[in-house]
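Participant: PDB, C-alpha atoms, saved as entry.pdb, coming up:
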ATOM      1  CA  MET H 294      42.137 -36.291   2.057
ATOM      2  CA  THR H 295      43.686 -35.795   5.518
ATOM      3  CA  THR H 296      46.758 -37.237   7.360
ATOM      4  CA  ALA H 297      46.908 -38.607  10.939
ATOM      5  CA  THR H 298      50.136 -36.902  11.882
ATOM      6  CA  LYS H 299      50.560 -33.661  10.003
ATOM      7  CA  ASP H 300      48.338 -31.012   8.593
ATOM      8  CA  TRP H 301      48.607 -29.764   5.002
ATOM      9  CA  SER H 302      51.109 -27.063   6.035
ATOM     10  CA  GLY H 303      53.607 -29.679   7.291
ATOM     11  CA  ALA H 304      53.393 -28.568  10.964
ATOM     12  CA  PRO H 305      53.384 -31.281  13.678
ATOM     13  CA  SER H 306      50.004 -32.387  14.871
ATOM     14  CA  GLY H 307      48.814 -31.969  18.440
ATOM     15  CA  ARG H 308      49.557 -35.595  19.195
ATOM     16  CA  GLN H 309      53.143 -35.240  17.978
ATOM     17  CA  ARG H 310      53.649 -32.135  20.080
ATOM     18  CA  ALA H 311      52.337 -33.935  23.156
ATOM     19  CA  VAL H 312      54.676 -36.876  22.584
ATOM     20  CA  ALA H 313      57.640 -34.524  22.078
ATOM     21  CA  GLU H 314      56.797 -32.607  25.258
ATOM     22  CA  ARG H 315      56.536 -35.840  27.255
ATOM     23  CA  THR H 316      59.908 -36.958  25.865
ATOM     24  CA  VAL H 317      61.531 -33.654  26.787
ATOM     25  CA  ARG H 318      60.077 -33.820  30.306
ATOM     26  CA  SER H 319      61.269 -37.432  30.680
ATOM     27  CA  ILE H 320      64.799 -36.541  29.561
ATOM     28  CA  ARG H 321      64.822 -33.561  31.927
ATOM     29  CA  ARG H 322      63.714 -35.735  34.865
ATOM     30  CA  ARG H 323      66.376 -38.325  34.043
ATOM     31  CA  ARG H 324      69.056 -35.651  33.894
ATOM     32  CA  ILE H 325      67.922 -34.240  37.238
ATOM     33  CA  ARG H 326      67.937 -37.684  38.860
ATOM     34  CA  SER H 327      71.333 -38.423  37.339
ATOM     35  CA  GLY H 328      72.718 -35.115  38.631
ATOM     36  CA  ILE H 329      71.350 -35.801  42.102
ATOM     37  CA  MET H 330      72.846 -39.296  42.226
ATOM     38  CA  VAL H 331      76.230 -38.098  40.928
ATOM     39  CA  GLY H 332      76.175 -35.348  43.549
ATOM     40  CA  LEU H 333      75.364 -37.883  46.275
ATOM     41  CA  MET H 334      78.246 -40.078  45.142
ATOM     42  CA  TYR H 335      80.656 -37.135  45.235
ATOM     43  CA  ALA H 336      79.361 -36.224  48.695
ATOM     44  CA  ALA H 337      79.808 -39.832  49.896
ATOM     45  CA  ALA H 338      83.364 -39.891  48.529
ATOM     46  CA  ALA H 339      84.133 -36.598  50.291
ATOM     47  CA  LEU H 340      82.665 -37.873  53.570
ATOM     48  CA  ALA H 341      84.724 -41.059  53.258
ATOM     49  CA  ILE H 342      88.029 -39.154  53.193
ATOM     50  CA  LEU H 343      86.922 -36.353  55.512
ATOM     51  CA  PRO H 344      87.868 -38.204  58.757
ATOM     52  CA  LEU H 345      91.390 -38.834  57.436
ATOM     53  CA  ILE H 346      91.797 -35.200  56.411
ATOM     54  CA  LEU H 347      90.574 -33.990  59.816
ATOM     55  CA  ILE H 348      92.893 -36.424  61.619
ATOM     56  CA  ILE H 349      95.916 -35.293  59.612
ATOM     57  CA  ILE H 350      95.088 -31.610  60.180
ATOM     58  CA  HIS H 351      94.667 -32.246  63.910
ATOM     59  CA  LEU H 352      97.948 -34.155  64.111
ATOM     60  CA  LEU H 353      99.792 -31.439  62.194
ATOM     61  CA  ARG H 354      98.367 -28.758  64.464
ATOM     62  CA  LEU H 355      99.229 -30.496  67.735
ATOM     63  CA  GLY H 356     102.311 -32.531  66.830
ATOM     64  CA  GLY H 357     103.824 -30.891  63.771
ATOM     65  CA  SER H 358     106.030 -28.587  65.826
ATOM     66  CA  ALA H 359     107.584 -31.577  67.648
ATOM     67  CA  VAL H 360     108.607 -33.368  64.440
ATOM     68  CA  ASN H 361     112.235 -32.441  63.870
ATOM     69  CA  TRP H 362     115.579 -34.119  63.332
ATOM     70  CA  ALA H 363     115.981 -34.782  67.060
ATOM     71  CA  PHE H 364     112.664 -36.619  67.117
ATOM     72  CA  PHE H 365     114.060 -39.235  64.715
ATOM     73  CA  THR H 366     117.604 -39.466  66.103
ATOM     74  CA  GLN H 367     117.443 -38.954  69.881
ATOM     75  CA  MET H 368     116.253 -41.096  72.750
ATOM     76  CA  PRO H 369     113.400 -40.152  75.104
ATOM     77  CA  ARG H 370     114.300 -37.688  77.850
ATOM     78  CA  PRO H 371     113.394 -38.190  81.520
ATOM     79  CA  PRO H 372     109.972 -36.931  82.633
ATOM     80  CA  GLY H 373     109.799 -33.143  82.835
ATOM     81  CA  GLU H 374     112.785 -32.481  80.559
ATOM     82  CA  HIS H 375     112.223 -30.891  77.170
ATOM     83  CA  GLY H 376     113.531 -32.307  73.911
ATOM     84  CA  GLY H 377     114.443 -35.832  73.040
ATOM     85  CA  GLY H 378     112.820 -38.065  70.478
ATOM     86  CA  MET H 379     111.482 -41.519  69.662
ATOM     87  CA  ALA H 380     114.378 -43.067  67.767
ATOM     88  CA  ASN H 381     114.111 -46.278  69.770
ATOM     89  CA  ALA H 382     110.367 -46.533  69.137
ATOM     90  CA  ILE H 383     110.725 -45.979  65.389
ATOM     91  CA  VAL H 384     113.421 -48.642  65.101
ATOM     92  CA  GLY H 385     111.401 -50.954  67.343
ATOM     93  CA  THR H 386     108.332 -50.575  65.131
ATOM     94  CA  LEU H 387     110.352 -51.502  62.053
ATOM     95  CA  ILE H 388     111.810 -54.537  63.849
ATOM     96  CA  LEU H 389     108.349 -55.694  64.917
ATOM     97  CA  LEU H 390     107.057 -55.281  61.372
ATOM     98  CA  GLY H 391     109.954 -57.393  60.122
ATOM     99  CA  ILE H 392     109.298 -60.163  62.638
ATOM    100  CA  SER H 393     105.561 -60.150  61.986
ATOM    101  CA  SER H 394     106.154 -60.340  58.224
ATOM    102  CA  ALA H 395     108.520 -63.276  58.676
ATOM    103  CA  VAL H 396     105.873 -65.049  60.755
ATOM    104  CA  GLY H 397     102.677 -64.108  58.961
ATOM    105  CA  LEU H 398     103.533 -63.911  55.263
ATOM    106  CA  PRO H 399     104.794 -67.479  54.634
ATOM    107  CA  VAL H 400     101.897 -69.012  56.560
ATOM    108  CA  GLY H 401      99.292 -66.702  55.029
ATOM    109  CA  ILE H 402     100.524 -67.119  51.458
ATOM    110  CA  GLY H 403     100.793 -70.882  51.834
ATOM    111  CA  ALA H 404      97.313 -71.158  53.339
ATOM    112  CA  GLY H 405      95.844 -68.893  50.654
ATOM    113  CA  LEU H 406      97.433 -70.962  47.900
ATOM    114  CA  TYR H 407      96.015 -74.131  49.431
ATOM    115  CA  LEU H 408      92.510 -72.633  49.708
ATOM    116  CA  ALA H 409      92.607 -71.537  46.065
ATOM    117  CA  GLU H 410      93.818 -74.903  44.782
ATOM    118  CA  LYS H 411      91.633 -77.069  47.065
ATOM    119  CA  ARG H 412      88.677 -74.744  47.364
ATOM    120  CA  VAL H 413      85.883 -77.335  47.732
ATOM    121  CA  THR H 414      87.466 -79.767  50.172
ATOM    122  CA  PRO H 415      86.128 -79.942  53.754
ATOM    123  CA  LEU H 416      89.495 -78.844  55.165
ATOM    124  CA  ALA H 417      89.645 -75.818  52.852
ATOM    125  CA  THR H 418      86.096 -74.810  53.789
ATOM    126  CA  THR H 419      86.948 -75.086  57.487
ATOM    127  CA  VAL H 420      90.195 -73.124  57.145
ATOM    128  CA  ARG H 421      88.426 -70.408  55.143
ATOM    129  CA  PHE H 422      85.726 -70.045  57.785
ATOM    130  CA  LEU H 423      88.232 -69.953  60.643
ATOM    131  CA  ALA H 424      90.338 -67.380  58.780
ATOM    132  CA  ASP H 425      87.285 -65.120  58.500
ATOM    133  CA  VAL H 426      86.580 -65.558  62.209
ATOM    134  CA  LEU H 427      90.197 -64.832  63.103
ATOM    135  CA  ASN H 428      90.160 -61.767  60.882
ATOM    136  CA  GLY H 429      87.372 -60.288  62.990
ATOM    137  CA  LEU H 430      88.915 -61.218  66.327
ATOM    138  CA  PRO H 431      89.640 -58.215  68.603
ATOM    139  CA  SER H 432      93.335 -57.459  68.788
ATOM    140  CA  ILE H 433      93.358 -57.494  72.582
ATOM    141  CA  VAL H 434      92.207 -61.129  72.517
ATOM    142  CA  MET H 435      95.154 -61.938  70.270
ATOM    143  CA  GLY H 436      97.426 -60.134  72.729
ATOM    144  CA  ILE H 437      96.141 -62.141  75.693
ATOM    145  CA  PHE H 438      96.545 -65.381  73.745
ATOM    146  CA  ALA H 439     100.124 -64.455  72.765
ATOM    147  CA  TRP H 440     100.901 -63.569  76.390
ATOM    148  CA  GLU H 441      99.610 -66.925  77.597
ATOM    149  CA  LEU H 442     101.470 -68.850  74.899
ATOM    150  CA  LEU H 443     104.725 -66.919  74.435
ATOM    151  CA  VAL H 444     105.322 -64.690  77.463
ATOM    152  CA  LYS H 445     104.053 -66.574  80.486
ATOM    153  CA  PRO H 446     106.057 -69.800  79.900
ATOM    154  CA  VAL H 447     109.388 -67.886  79.735
ATOM    155  CA  ASN H 448     108.433 -65.245  82.348
ATOM    156  CA  HIS H 449     109.544 -62.207  80.313
ATOM    157  CA  PHE H 450     108.337 -59.970  77.524
ATOM    158  CA  SER H 451     110.188 -59.840  74.215
ATOM    159  CA  ALA H 452     110.212 -58.457  70.711
ATOM    160  CA  LEU H 453     109.748 -61.977  69.375
ATOM    161  CA  ALA H 454     106.485 -62.359  71.261
ATOM    162  CA  GLY H 455     105.245 -59.001  69.987
ATOM    163  CA  GLY H 456     106.199 -59.784  66.404
ATOM    164  CA  ALA H 457     104.586 -63.215  66.617
ATOM    165  CA  ALA H 458     101.340 -61.691  67.911
ATOM    166  CA  LEU H 459     101.255 -59.175  65.071
ATOM    167  CA  GLY H 460     102.198 -61.888  62.596
ATOM    168  CA  ALA H 461      99.270 -64.005  63.757
ATOM    169  CA  MET H 462      97.000 -61.051  63.037
ATOM    170  CA  MET H 463      98.449 -60.826  59.520
ATOM    171  CA  ILE H 464      97.796 -64.478  58.667
ATOM    172  CA  PRO H 465      94.015 -64.330  57.989
ATOM    173  CA  MET H 466      94.286 -61.107  55.967
ATOM    174  CA  VAL H 467      97.108 -62.435  53.807
ATOM    175  CA  THR H 468      95.374 -65.801  53.459
ATOM    176  CA  ARG H 469      92.148 -64.384  52.088
ATOM    177  CA  THR H 470      93.934 -61.914  49.808
ATOM    178  CA  THR H 471      96.214 -64.629  48.410
ATOM    179  CA  GLU H 472      93.261 -66.912  47.781
ATOM    180  CA  GLU H 473      91.385 -64.253  45.835
ATOM    181  CA  MET H 474      94.443 -63.297  43.783
ATOM    182  CA  VAL H 475      95.282 -66.911  42.932
ATOM    183  CA  ARG H 476      91.693 -67.599  41.884
ATOM    184  CA  LEU H 477      91.980 -64.792  39.330
ATOM    185  CA  VAL H 478      94.750 -66.666  37.495
ATOM    186  CA  PRO H 479      93.280 -68.211  34.290
ATOM    187  CA  ILE H 480      92.765 -71.956  34.448
ATOM    188  CA  SER H 481      94.409 -72.233  31.027
ATOM    189  CA  LEU H 482      97.808 -71.457  32.571
ATOM    190  CA  ARG H 483      97.455 -74.378  34.956
ATOM    191  CA  GLU H 484      96.359 -76.688  32.178
ATOM    192  CA  ALA H 485      99.241 -75.610  29.943
ATOM    193  CA  ALA H 486     101.795 -76.236  32.695
ATOM    194  CA  LEU H 487     100.315 -79.637  33.511
ATOM    195  CA  ALA H 488     100.291 -80.532  29.814
ATOM    196  CA  LEU H 489     104.009 -79.739  29.639
ATOM    197  CA  GLY H 490     104.697 -82.250  32.404
ATOM    198  CA  TYR H 491     104.817 -79.962  35.447
ATOM    199  CA  SER H 492     103.694 -81.525  38.688
ATOM    200  CA  ARG H 493     100.767 -80.022  40.593
ATOM    201  CA  TRP H 494     102.902 -78.456  43.322
ATOM    202  CA  ARG H 495     105.410 -77.081  40.828
ATOM    203  CA  THR H 496     102.614 -75.563  38.766
ATOM    204  CA  SER H 497     101.195 -73.853  41.860
ATOM    205  CA  LEU H 498     104.537 -72.425  42.968
ATOM    206  CA  SER H 499     106.185 -71.629  39.622
ATOM    207  CA  ILE H 500     103.230 -70.582  37.471
ATOM    208  CA  VAL H 501     100.190 -69.698  39.547
ATOM    209  CA  LEU H 502     101.934 -68.004  42.450
ATOM    210  CA  ARG H 503     104.262 -66.090  40.164
ATOM    211  CA  THR H 504     101.362 -64.816  38.055
ATOM    212  CA  ALA H 505      99.448 -63.613  41.121
ATOM    213  CA  LEU H 506     102.538 -62.149  42.803
ATOM    214  CA  GLY H 507     101.550 -58.508  42.270
ATOM    215  CA  GLY H 508      98.210 -58.903  44.029
ATOM    216  CA  ILE H 509      99.758 -60.971  46.800
ATOM    217  CA  VAL H 510     102.402 -58.305  47.459
ATOM    218  CA  THR H 511      99.634 -55.702  47.578
ATOM    219  CA  GLY H 512      97.712 -57.743  50.152
ATOM    220  CA  ALA H 513     100.866 -58.229  52.223
ATOM    221  CA  LEU H 514     101.563 -54.482  52.267
ATOM    222  CA  VAL H 515      97.976 -53.719  53.248
ATOM    223  CA  ALA H 516      98.226 -56.257  56.079
ATOM    224  CA  MET H 517     101.469 -54.623  57.269
ATOM    225  CA  ALA H 518      99.783 -51.221  57.251
ATOM    226  CA  ARG H 519      96.901 -52.701  59.228
ATOM    227  CA  ILE H 520      99.053 -54.028  62.073
ATOM    228  CA  ALA H 521     101.553 -51.150  62.177
ATOM    229  CA  GLY H 522      99.395 -49.199  64.608
ATOM    230  CA  GLU H 523      98.212 -52.033  66.839
ATOM    231  CA  THR H 524      98.789 -51.352  70.528
ATOM    232  CA  ALA H 525      96.837 -53.937  72.547
ATOM    233  CA  PRO H 526      98.847 -57.016  71.453
ATOM    234  CA  LEU H 527     102.127 -55.219  72.200
ATOM    235  CA  LEU H 528     101.025 -54.303  75.713
ATOM    236  CA  PHE H 529     100.885 -58.029  76.516
ATOM    237  CA  THR H 530     103.981 -59.096  74.576
ATOM    238  CA  ALA H 531     106.594 -56.448  73.729
ATOM    239  CA  LEU H 532     105.699 -54.273  76.765
ATOM    240  CA  GLY H 533     107.806 -51.291  75.624
ATOM    241  CA  ASN H 534     111.239 -49.998  76.542
ATOM    242  CA  SER H 535     112.477 -46.511  77.416
ATOM    243  CA  PHE H 536     116.031 -47.409  76.417
ATOM    244  CA  TRP H 537     117.693 -48.372  73.171
ATOM    245  CA  SER H 538     117.241 -52.094  72.569
ATOM    246  CA  THR H 539     117.272 -54.184  69.419
ATOM    247  CA  SER H 540     117.424 -57.541  71.174
ATOM    248  CA  LEU H 541     114.698 -59.909  70.045
ATOM    249  CA  LYS H 542     114.612 -61.578  73.468
ATOM    250  CA  ALA H 543     114.040 -58.375  75.465
ATOM    251  CA  PRO H 544     111.196 -55.857  75.716
ATOM    252  CA  ILE H 545     111.309 -53.404  72.843
ATOM    253  CA  ALA H 546     109.909 -49.941  72.217
ATOM    254  CA  ALA H 547     107.299 -49.285  69.527
ATOM    255  CA  LEU H 548     105.555 -46.166  68.300
ATOM    256  CA  PRO H 549     102.042 -47.235  69.406
ATOM    257  CA  LEU H 550     103.315 -48.053  72.904
ATOM    258  CA  GLN H 551     105.322 -44.842  73.158
ATOM    259  CA  ILE H 552     102.346 -42.800  72.004
ATOM    260  CA  PHE H 553     100.139 -44.459  74.602
ATOM    261  CA  THR H 554     102.689 -43.872  77.377
ATOM    262  CA  TYR H 555     103.277 -40.227  76.494
ATOM    263  CA  ALA H 556      99.619 -39.375  75.896
ATOM    264  CA  ILE H 557      98.506 -40.269  79.437
ATOM    265  CA  THR H 558     101.234 -38.219  81.173
ATOM    266  CA  PRO H 559     100.750 -34.659  82.545
ATOM    267  CA  TYR H 560     103.872 -33.332  80.767
ATOM    268  CA  ASP H 561     103.111 -31.005  77.876
ATOM    269  CA  ASP H 562     106.315 -31.861  76.008
ATOM    270  CA  TRP H 563     105.562 -35.575  76.157
ATOM    271  CA  VAL H 564     101.983 -34.994  75.036
ATOM    272  CA  ALA H 565     103.263 -32.998  72.043
ATOM    273  CA  GLN H 566     105.655 -35.824  71.209
ATOM    274  CA  ALA H 567     102.776 -38.284  71.455
ATOM    275  CA  TRP H 568     100.949 -36.296  68.778
ATOM    276  CA  ALA H 569     104.158 -36.195  66.736
ATOM    277  CA  GLY H 570     104.536 -39.959  67.100
ATOM    278  CA  ALA H 571     100.961 -40.436  65.905
ATOM    279  CA  LEU H 572     101.750 -38.250  62.899
ATOM    280  CA  VAL H 573     104.842 -40.326  62.066
ATOM    281  CA  LEU H 574     102.842 -43.533  62.490
ATOM    282  CA  VAL H 575     100.202 -42.262  60.066
ATOM    283  CA  ALA H 576     103.019 -41.368  57.662
ATOM    284  CA  ILE H 577     104.398 -44.920  57.873
ATOM    285  CA  VAL H 578     100.957 -46.373  57.153
ATOM    286  CA  PHE H 579     100.554 -43.912  54.270
ATOM    287  CA  VAL H 580     103.885 -44.930  52.728
ATOM    288  CA  ILE H 581     103.028 -48.627  52.985
ATOM    289  CA  SER H 582      99.575 -48.033  51.474
ATOM    290  CA  LEU H 583     101.112 -45.943  48.694
ATOM    291  CA  ALA H 584     103.535 -48.762  47.932
ATOM    292  CA  ALA H 585     100.567 -51.129  47.698
ATOM    293  CA  ARG H 586      98.875 -48.792  45.225
ATOM    294  CA  ILE H 587     102.026 -48.571  43.109
ATOM    295  CA  VAL H 588     102.368 -52.350  43.019
ATOM    296  CA  THR H 589      98.697 -52.679  42.041
ATOM    297  CA  ARG H 590      99.022 -50.116  39.254
ATOM    298  CA  ARG H 591     102.098 -51.804  37.834
ATOM    299  CA  ARG H 592     100.340 -55.158  37.963
ATOM    300  CA  PHE H 593      97.356 -53.942  35.964
ATOM    301  CA  SER H 594      99.586 -51.983  33.578
ATOM    302  CA  ALA H 595     101.579 -55.144  32.911
ATOM    303  CA  GLY H 596      98.318 -57.000  32.379
ATOM    304  CA  ASP H 597      97.223 -54.445  29.801
TER
END
Once you've parsed the file, please lay out its structure as structure tokens.

Facilitator:
Amino acid sequence: MTTATKDWSGAPSGRQRAVAERTVRSIRRRRIRSGIMVGLMYAAAALAILPLILIIIHLLRLGGSAVNWAFFTQMPRPPGEHGGGMANAIVGTLILLGISSAVGLPVGIGAGLYLAEKRVTPLATTVRFLADVLNGLPSIVMGIFAWELLVKPVNHFSALAGGAALGAMMIPMVTRTTEEMVRLVPISLREAALALGYSRWRTSLSIVLRTALGGIVTGALVAMARIAGETAPLLFTALGNSFWSTSLKAPIAALPLQIFTYAITPYDDWVAQAWAGALVLVAIVFVISLAARIVTRRRFSAGD
């Protein structure tokens, strides 16, 4: 009597050995493919951050020597003179960010909340589409529109016009982020609030918006980081200022404008300060982005 799989000595048959060899080869091929794909993903991740690393290295090499205490505390010097700083531009950038946040955040958050609560209405569909279009609009077009609407009628540039232009750029980003964050709130929370006698608007503001606050704050910080380095809208609205000015009704200095002005001059000291200003601007964007990451991490930690 014979067996189909083993001989009398208990050794595997030829068919079993063939199956085992095919299995080993299949596992080896899968491991090779997996290793290749993991390697490609690591390479893609490295290539994604490589431009930022190269930019930071370049900025440190060309502008690191100009970043000192005087750069943050002193005013710009006349052309050809060494020293000075960009204190007025740094303060002006912070003022413009404050104005833009005051303009863009309430409108964006309100519009996002409306889109999330009335997502299938014709008006919500139209607003959502227009927000996407506005989000892809070139910044120089926004600057020209702000000049025509806010600067030309009063015949002078101002910090208010610059902040309003940047705030208008924030609105579509904050709107879409708020909508997505609000839509992540469980429907059971809305139903529970309505069952307890809350009105629809009170439920949206007190329950839904409060629950999604972490994600909304993250989106707002990302939007602020996005507009912090915009130059084209400010050329048509804030114009820039070589002197110290915090008036909202007068032209105001800003880091992007100061960098642009210094970079196109033939003075080596100003060019070095332009690189230093770009380095400080990148640092501001990095701090804002880091704050967004911290808020996001706390939000998910609280959710866990």

Participant: By how many Å are atom CA of H:Ala567 and atom CA of H:Gln551 apart?

Facilitator: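 Value for the atom CA of H:Ala567-atom CA of H:Gln551 distance: 7.2 Å.
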
Participant: Each residue of stretch 454-523 of chain H with at least one atom at most 7 Å from stretch 423-446 of chain H should appear once, together with its nearest atom pair and the corresponding distance in Å (one decimal); atoms considered: all atoms listed in the file; ordering: chain, then increasing residue number; output as a Markdown table.

Facilitator:
| residue | atom | partner | partner_atom | distance |
| --- | --- | --- | --- | --- |
| H:Ala454 | CA | H:Leu443 | CA | 5.8 |
| H:Ala458 | CA | H:Ala439 | CA | 5.7 |
| H:Pro465 | CA | H:Ala424 | CA | 4.8 |
| H:Met466 | CA | H:Asn428 | CA | 6.5 |

Participant: Those same residues, written as a PDB file, in the coordinates of the input with C-alpha atoms?

Facilitator:
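Writing done, so here's part.pdb:
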ATOM      1  CA  ALA H 454     106.485 -62.359  71.261  1.00  0.00           C
ATOM      2  CA  ALA H 458     101.340 -61.691  67.911  1.00  0.00           C
ATOM      3  CA  PRO H 465      94.015 -64.330  57.989  1.00  0.00           C
ATOM      4  CA  MET H 466      94.286 -61.107  55.967  1.00  0.00           C
TER       5      MET H 466
END

Participant: Considering only C-alpha atoms, return as a PyMOL selection string whatever protein or nucleic-acid residues lie within 8 Å of H:Met517, sequence-local ones (same chain, fewer than 3 positions apart) excluded.

Facilitator: chain H and resi 390+394+463+513-514+520-521+581

Participant: Pick out the closest residue to H:Leu532 from this set: H:Leu550, H:Ile346, H:Leu353, H:Val475. Count all atoms listed in the file.

Facilitator: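 Closest residue, counting all atoms listed in the file: H:Leu550.
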
Participant: If we count all atoms listed in the file, what is near H:Arg483 at a cut-off of 9 Å, once residues fewer than 6 positions away on the same chain are taken out, given as an MDAnalysis selection string?

Facilitator: chainID H and resid 493 496:497 500:501

Participant: Within 12 Å of stretch 502-509 of chain H, counting only C-alpha atoms, which residues show up once you throw out same-chain ones fewer than 6 positions away? Write them as a VMD selection string, please.

Facilitator: chain H and resid 398 to 399 401 to 403 405 to 407 409 to 410 466 to 480 482 to 483 494 to 496 515 to 516 584 to 596

Participant: Since I can't run it myself right now, could you work out what the PyMOL selection byres ((chain H and resi 393) around 7) selects here and report it as an MDAnalysis selection string?

Facilitator: chainID H and resid 389:392 394:397 456:457 459:460

Participant: Provide the atom CA of H:Asp562 to atom CA of H:Gly533 distance in Å, to one decimal place.

Facilitator: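 Taking atom CA of H:Asp562 and atom CA of H:Gly533, their separation equals 19.5 Å.
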
Participant: Once the PyMOL selection byres ((chain H and resi 535) around 8) has been evaluated on this model, what residues remain selected, and can you format them as a ChimeraX atom specification?

Facilitator: /H:369,381,533-534,536-537,546

Participant: Rounded to one decimal, what separation in Å do you get between atom CA of H:Thr418 and atom CA of H:Val400?

Facilitator: 17.1 Å

Participant: For stretch 553-560 of chain H, please output as JSON, numbers by chain all residues within 12 Å (counting all atoms listed in the file; exclusion window: fewer than 3 positions along the same chain).

Facilitator: {"H": [356, 369, 370, 371, 372, 373, 374, 375, 376, 378, 379, 382, 522, 523, 524, 525, 527, 528, 532, 533, 534, 535, 546, 547, 548, 549, 550, 563, 564, 565, 566, 567, 568, 569, 570, 571]}

Participant: For this file, the PyMOL selection byres ((chain H and resi 364) around 8) selects which residues, as a PyMOL selection string?

Facilitator: chain H and resi 359-363+365-367+377-380

Participant: Mind working out the centre and edge lengths of an axis-aligned box for stretch 505-509 of chain H, all listed atoms inside, 6 Å added to each side, rounded to one decimal in Å and written as AutoDock Vina command-line options?

Facilitator:
--center_x 100.4 --center_y -61.1 --center_z 44.0 --size_x 16.3 --size_y 17.1 --size_z 17.7

Participant: Which is closest to H:Asn448 among H:Arg321, H:Ile552, H:Lys542, H:Ala338, if we use all atoms listed in the file?

Facilitator: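 For H:Asn448, the nearest of the candidates is H:Lys542.
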
Participant: Pull out stretch 443-458 of chain H, keep N, CA and C atoms, and write it as an mmCIF file, in the first residue's frame.

Facilitator:
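Once written, out.cif looks like this:
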data_model
loop_
_atom_site.group_PDB
_atom_site.id
_atom_site.type_symbol
_atom_site.label_atom_id
_atom_site.label_comp_id
_atom_site.auth_asym_id
_atom_site.auth_seq_id
_atom_site.Cartn_x
_atom_site.Cartn_y
_atom_site.Cartn_z
ATOM 1 N N LEU H 443 -10.802 99.309 -1.840
ATOM 2 C CA LEU H 443 -10.459 99.921 -0.557
ATOM 3 C C LEU H 443 -9.463 101.073 -0.649
ATOM 4 N N VAL H 444 -8.625 101.076 -1.663
ATOM 5 C CA VAL H 444 -7.579 102.100 -1.760
ATOM 6 C C VAL H 444 -7.988 103.234 -2.690
ATOM 7 N N LYS H 445 -8.459 102.902 -3.847
ATOM 8 C CA LYS H 445 -8.792 103.928 -4.840
ATOM 9 C C LYS H 445 -9.861 104.897 -4.359
ATOM 10 N N PRO H 446 -10.938 104.461 -3.708
ATOM 11 C CA PRO H 446 -11.966 105.424 -3.274
ATOM 12 C C PRO H 446 -11.460 106.456 -2.275
ATOM 13 N N VAL H 447 -10.468 106.084 -1.413
ATOM 14 C CA VAL H 447 -9.980 107.028 -0.399
ATOM 15 C C VAL H 447 -8.654 107.672 -0.805
ATOM 16 N N ASN H 448 -8.082 107.229 -1.926
ATOM 17 C CA ASN H 448 -6.866 107.828 -2.493
ATOM 18 C C ASN H 448 -5.636 107.705 -1.601
ATOM 19 N N HIS H 449 -5.556 106.646 -0.778
ATOM 20 C CA HIS H 449 -4.316 106.399 -0.032
ATOM 21 C C HIS H 449 -4.277 104.952 0.442
ATOM 22 N N PHE H 450 -3.039 104.458 0.559
ATOM 23 C CA PHE H 450 -2.826 103.099 1.031
ATOM 24 C C PHE H 450 -2.948 103.071 2.557
ATOM 25 N N SER H 451 -3.193 101.880 3.104
ATOM 26 C CA SER H 451 -3.357 101.786 4.551
ATOM 27 C C SER H 451 -3.176 100.353 5.014
ATOM 28 N N ALA H 452 -2.902 100.232 6.317
ATOM 29 C CA ALA H 452 -2.801 98.910 6.920
ATOM 30 C C ALA H 452 -4.145 98.195 6.915
ATOM 31 N N LEU H 453 -5.225 98.947 7.054
ATOM 32 C CA LEU H 453 -6.549 98.338 7.024
ATOM 33 C C LEU H 453 -6.828 97.669 5.681
ATOM 34 N N ALA H 454 -6.445 98.330 4.605
ATOM 35 C CA ALA H 454 -6.653 97.746 3.284
ATOM 36 C C ALA H 454 -5.826 96.480 3.120
ATOM 37 N N GLY H 455 -4.572 96.515 3.584
ATOM 38 C CA GLY H 455 -3.732 95.324 3.490
ATOM 39 C C GLY H 455 -4.271 94.178 4.315
ATOM 40 N N GLY H 456 -4.696 94.470 5.555
ATOM 41 C CA GLY H 456 -5.256 93.423 6.392
ATOM 42 C C GLY H 456 -6.548 92.856 5.830
ATOM 43 N N ALA H 457 -7.378 93.730 5.246
ATOM 44 C CA ALA H 457 -8.625 93.257 4.647
ATOM 45 C C ALA H 457 -8.353 92.348 3.455
ATOM 46 N N ALA H 458 -7.351 92.691 2.642
ATOM 47 C CA ALA H 458 -7.007 91.845 1.497
ATOM 48 C C ALA H 458 -6.526 90.476 1.951
#
